[in-house]
Amino acid sequence: MTTHAPPKTADPDHLTAALRRAGVLESGRVAAARVVHSFPTLLSQFHRLKLDYEGADGPRHLYLKTDLAGRPTPGWDSGPREVAFYTTVAPATPPGLLPRCFEAASAPDGAWHLLLEDLTDTHSIATQWPLPPTLAQSEAIVRCRARFQAAWWDHPRLGGEVGTWASDAEIDVWTAGLVKEYEAFADALGERLPPHRRELYERLFAHAPKLQQRYRNHRHQTVIQGDSHFWNCFLAKDASGTPRLFDWDGWRATIGAEDLAYMIAMHWYPDLRRRTERRLLDAFHEELLAGGVTSYDRRALQDDYRLTVLWQITRPIWLRAAGIPPVIWWPHLERIHLAADDLDCRELLG
């Protein structure tokens, strides 16, 4: 059922030109395109398009991703950031890890769109959020993520053409902003943020310069997805197929374990996390080594995982500040603190 009028970028002439540039329409043209399904996510709008052709045979369905009118985070550059991913990172990524993007464009006025491969017939999301995938499904997703990270591990383009490194001054400004947002966060929560958690935040901020050294050295770093939960990956319906990672509006260059900390420690309740965490990290490390990563042993991954879990306790602060509803950040806050306790992340503070 069509719930939105066709966007301007669904115009047949525009689609014809985009598919020709992408090399999937050598002759003929798109005669008509209609929206057969539209749905919003937290930050964007998706339109599934059905295409008819004249004198040609091209993709019968495409997904058009655009900005979401009235979204709760109007100040975020999530759309242009994802456009940058598909114009710089995706073309240099080994095939079979991402959906194909036929067009990625943004305008000076902030308008943006992505024209993406429709994987409906071949892939699906493992479960409906927030139901966890099975352990086998989770491992497949983790291995796919490791293969992607291995392709960008210590890549010479990092920090320049791909994912600029923050300067020391910028990191200091970010930290000062975090402390300010934390104060508003703590005031808003009142007694719901207990003293032992307030003390952990205060110690984290006090030790921030030391803990940030791992981020500042830019060694053993890669491209991460940022919003790396288990439902941002399509699993193949055919056992011979491979997963596809999607939704790259939070990507950046940093420590790869951050994606694992967000995916596992932030989203899993303690019982499930305790039963699966080690196996998933083992699988991730095994896949990194298979992808050519060297001089990064399993202990180094564990150290990075603990460090990034500790920093993830600040993520609910930013989510609240950005207007993300409590139904998202409140469970995150509880789960990530429980994970930090289990992993004894306080020990990192000395």
# chains A, B, ... in the order shown; residues from 1 in each chain; ligands from 1
>>> residues_around(residues="Ala105 in chain A", least_positions_apart="4", cutoff="9 Å", atoms="only C-alpha atoms", output="list in words")
Pro80, Val83, Ala84, Thr87, Ala111, Trp112, His113 and Leu114 of chain A
>>> residues_around(residues="Lys8 in chain A", least_positions_apart="3", cutoff="12 Å", atoms="only C-alpha atoms", output="ChimeraX atom specification")
/A:4-5,11-15,33-35,47,64,66,111-113
>>> write_last_selection(atoms="C-alpha atoms", output="mmCIF file, in the first residue's frame")
data_model
loop_
_atom_site.group_PDB
_atom_site.id
_atom_site.type_symbol
_atom_site.label_atom_id
_atom_site.label_comp_id
_atom_site.auth_asym_id
_atom_site.auth_seq_id
_atom_site.Cartn_x
_atom_site.Cartn_y
_atom_site.Cartn_z
ATOM 1 C CA HIS A 4 3.511 8.592 0.448
ATOM 2 C CA ALA A 5 3.519 10.395 -2.881
ATOM 3 C CA ASP A 11 10.884 10.339 -11.585
ATOM 4 C CA PRO A 12 11.392 7.871 -14.488
ATOM 5 C CA ASP A 13 13.857 10.137 -16.304
ATOM 6 C CA HIS A 14 15.928 10.568 -13.150
ATOM 7 C CA LEU A 15 15.950 6.827 -12.520
ATOM 8 C CA ALA A 33 8.016 4.026 -11.245
ATOM 9 C CA ARG A 34 5.557 3.766 -8.410
ATOM 10 C CA VAL A 35 5.891 3.485 -4.663
ATOM 11 C CA HIS A 47 10.264 3.866 -0.383
ATOM 12 C CA LEU A 64 14.867 4.865 -2.237
ATOM 13 C CA THR A 66 15.445 9.876 1.919
ATOM 14 C CA ALA A 111 18.359 17.209 0.803
ATOM 15 C CA TRP A 112 19.804 13.767 0.140
ATOM 16 C CA HIS A 113 18.846 10.357 -1.157
#
>>> residues_around(residues="Leu260 in chain A", least_positions_apart="3", cutoff="12 Å", atoms="only C-alpha atoms", output="ChimeraX atom specification")
/A:138-139,141-143,145-146,149,224-230,255-257,263-268,273,277-278,280-285,301-302,304-309,312
>>> closest_residue(among="A:His332, A:His37, A:Arg20, A:Arg198", to="Asp57 in chain A", atoms="only C-alpha atoms")
A:Arg20
>>> atom_distance(atom1="CA of Trp129 in chain A", atom2="CA of Pro95 in chain A")
27.1 Å
>>> residues_around(residues="Arg346 in chain A", least_positions_apart="2", cutoff="9 Å", atoms="only C-alpha atoms", output="PyMOL selection string")
chain A and resi 200+203-204+310+340-341+343-344+348-350
>>> residues_around(residues="Thr88 in chain A", least_positions_apart="5", cutoff="12 Å", atoms="only C-alpha atoms", output="ChimeraX atom specification")
/A:81-83,93,101,104-105,157-158,160-163,223,251-252
>>> atom_distance(atom1="CA of Leu62 in chain A", atom2="CA of Ala151 in chain A")
26.9 Å
>>> residues_around(residues="range 178-193 of chain A", least_positions_apart="4", cutoff="8 Å", atoms="only C-alpha atoms", output="ChimeraX atom specification")
/A:174,197-198,205,314,317-318,320-321
>>> write_last_selection(atoms="C-alpha atoms", output="tab-separated table (two decimals), in the first residue's frame")
chain	number	residue	atom	x	y	z
A	174	TRP	CA	34.01	16.87	22.39
A	197	ARG	CA	26.82	5.16	38.40
A	198	ARG	CA	27.32	8.89	38.92
A	205	PHE	CA	35.64	12.09	32.72
A	314	THR	CA	28.10	7.78	27.50
A	317	ILE	CA	23.65	10.72	27.19
A	318	TRP	CA	24.07	11.71	23.55
A	320	ARG	CA	18.82	11.79	25.00
A	321	ALA	CA	20.47	15.09	24.03
>>> closest_residue(among="A:Asn217, A:Leu289, A:Gly241, A:Ile336", to="Ala261 in chain A", atoms="only C-alpha atoms")
A:Ile336
>>> select_by_dssp(residues="range 136-294 of chain A", states="alpha helix (DSSP H)", output="CSV table (one decimal) with C-alpha atoms, in the first residue's frame")
chain,number,residue,atom,x,y,z
A,136,ALA,CA,24.2,-19.0,14.7
A,137,GLN,CA,22.6,-15.9,13.1
A,138,SER,CA,24.5,-13.7,15.5
A,139,GLU,CA,27.8,-15.3,14.6
A,140,ALA,CA,27.1,-14.9,10.8
A,141,ILE,CA,26.5,-11.2,11.4
A,142,VAL,CA,29.6,-10.8,13.5
A,143,ARG,CA,31.8,-12.6,10.9
A,144,CYS,CA,30.4,-10.4,8.2
A,145,ARG,CA,31.2,-7.3,10.2
A,146,ALA,CA,34.8,-8.6,10.8
A,147,ARG,CA,35.3,-9.2,7.1
A,148,PHE,CA,34.3,-5.6,6.4
A,149,GLN,CA,36.5,-4.3,9.1
A,150,ALA,CA,39.5,-6.4,8.0
A,151,ALA,CA,39.2,-4.8,4.5
A,152,TRP,CA,39.7,-1.4,6.1
A,168,ASP,CA,43.5,16.8,20.0
A,169,ALA,CA,41.7,20.1,20.3
A,170,GLU,CA,38.6,18.7,18.7
A,171,ILE,CA,38.7,15.7,21.1
A,172,ASP,CA,39.0,18.1,24.1
A,173,VAL,CA,36.0,20.1,22.8
A,174,TRP,CA,34.0,16.9,22.4
A,175,THR,CA,34.8,15.8,25.9
A,176,ALA,CA,33.8,19.2,27.4
A,177,GLY,CA,30.5,18.9,25.5
A,178,LEU,CA,30.0,15.4,26.8
A,179,VAL,CA,30.5,16.6,30.4
A,180,LYS,CA,28.0,19.4,29.9
A,181,GLU,CA,25.4,17.0,28.4
A,182,TYR,CA,26.0,14.6,31.3
A,183,GLU,CA,25.2,17.2,33.8
A,184,ALA,CA,21.8,17.8,32.1
A,185,PHE,CA,21.3,14.0,31.8
A,186,ALA,CA,22.0,13.5,35.5
A,187,ASP,CA,19.8,16.3,36.6
A,188,ALA,CA,16.9,15.0,34.5
A,189,LEU,CA,17.2,11.5,35.9
A,195,PRO,CA,25.3,7.2,43.2
A,196,HIS,CA,27.6,4.4,42.0
A,197,ARG,CA,26.8,5.2,38.4
A,198,ARG,CA,27.3,8.9,38.9
A,199,GLU,CA,30.7,8.1,40.5
A,200,LEU,CA,31.6,6.0,37.4
A,201,TYR,CA,30.8,8.8,35.0
A,202,GLU,CA,32.8,11.3,37.1
A,203,ARG,CA,35.8,9.0,37.2
A,204,LEU,CA,35.5,8.4,33.5
A,205,PHE,CA,35.6,12.1,32.7
A,206,ALA,CA,38.5,12.6,35.1
A,208,ALA,CA,39.4,10.8,29.9
A,209,PRO,CA,42.8,12.0,28.6
A,210,LYS,CA,44.5,8.7,29.5
A,211,LEU,CA,41.7,6.6,28.1
A,213,GLN,CA,45.2,7.7,24.0
A,214,ARG,CA,44.1,4.4,22.4
A,215,TYR,CA,41.9,6.5,20.1
A,216,ARG,CA,44.5,9.1,19.4
A,257,ALA,CA,35.6,-3.2,18.8
A,258,GLU,CA,33.3,-0.3,19.3
A,259,ASP,CA,30.8,-1.9,16.9
A,260,LEU,CA,31.0,-5.1,19.0
A,270,PRO,CA,23.1,-10.1,31.0
A,271,ASP,CA,22.1,-13.8,30.7
A,272,LEU,CA,22.2,-13.9,26.9
A,273,ARG,CA,25.4,-11.7,26.8
A,274,ARG,CA,27.2,-13.9,29.3
A,275,ARG,CA,26.4,-17.0,27.3
A,276,THR,CA,27.3,-15.7,23.9
A,277,GLU,CA,29.8,-12.8,24.3
A,278,ARG,CA,33.0,-14.9,24.3
A,279,ARG,CA,32.0,-17.1,21.4
A,280,LEU,CA,31.1,-14.0,19.3
A,281,LEU,CA,34.3,-12.2,20.1
A,282,ASP,CA,36.3,-15.4,19.2
A,283,ALA,CA,34.5,-15.6,15.9
A,284,PHE,CA,35.1,-12.0,15.2
A,285,HIS,CA,38.8,-12.3,15.9
A,286,GLU,CA,39.1,-15.5,13.9
A,287,GLU,CA,37.6,-13.7,10.9
A,288,LEU,CA,39.9,-10.7,11.3
A,289,LEU,CA,42.9,-12.9,11.1
A,290,ALA,CA,41.4,-14.7,8.0
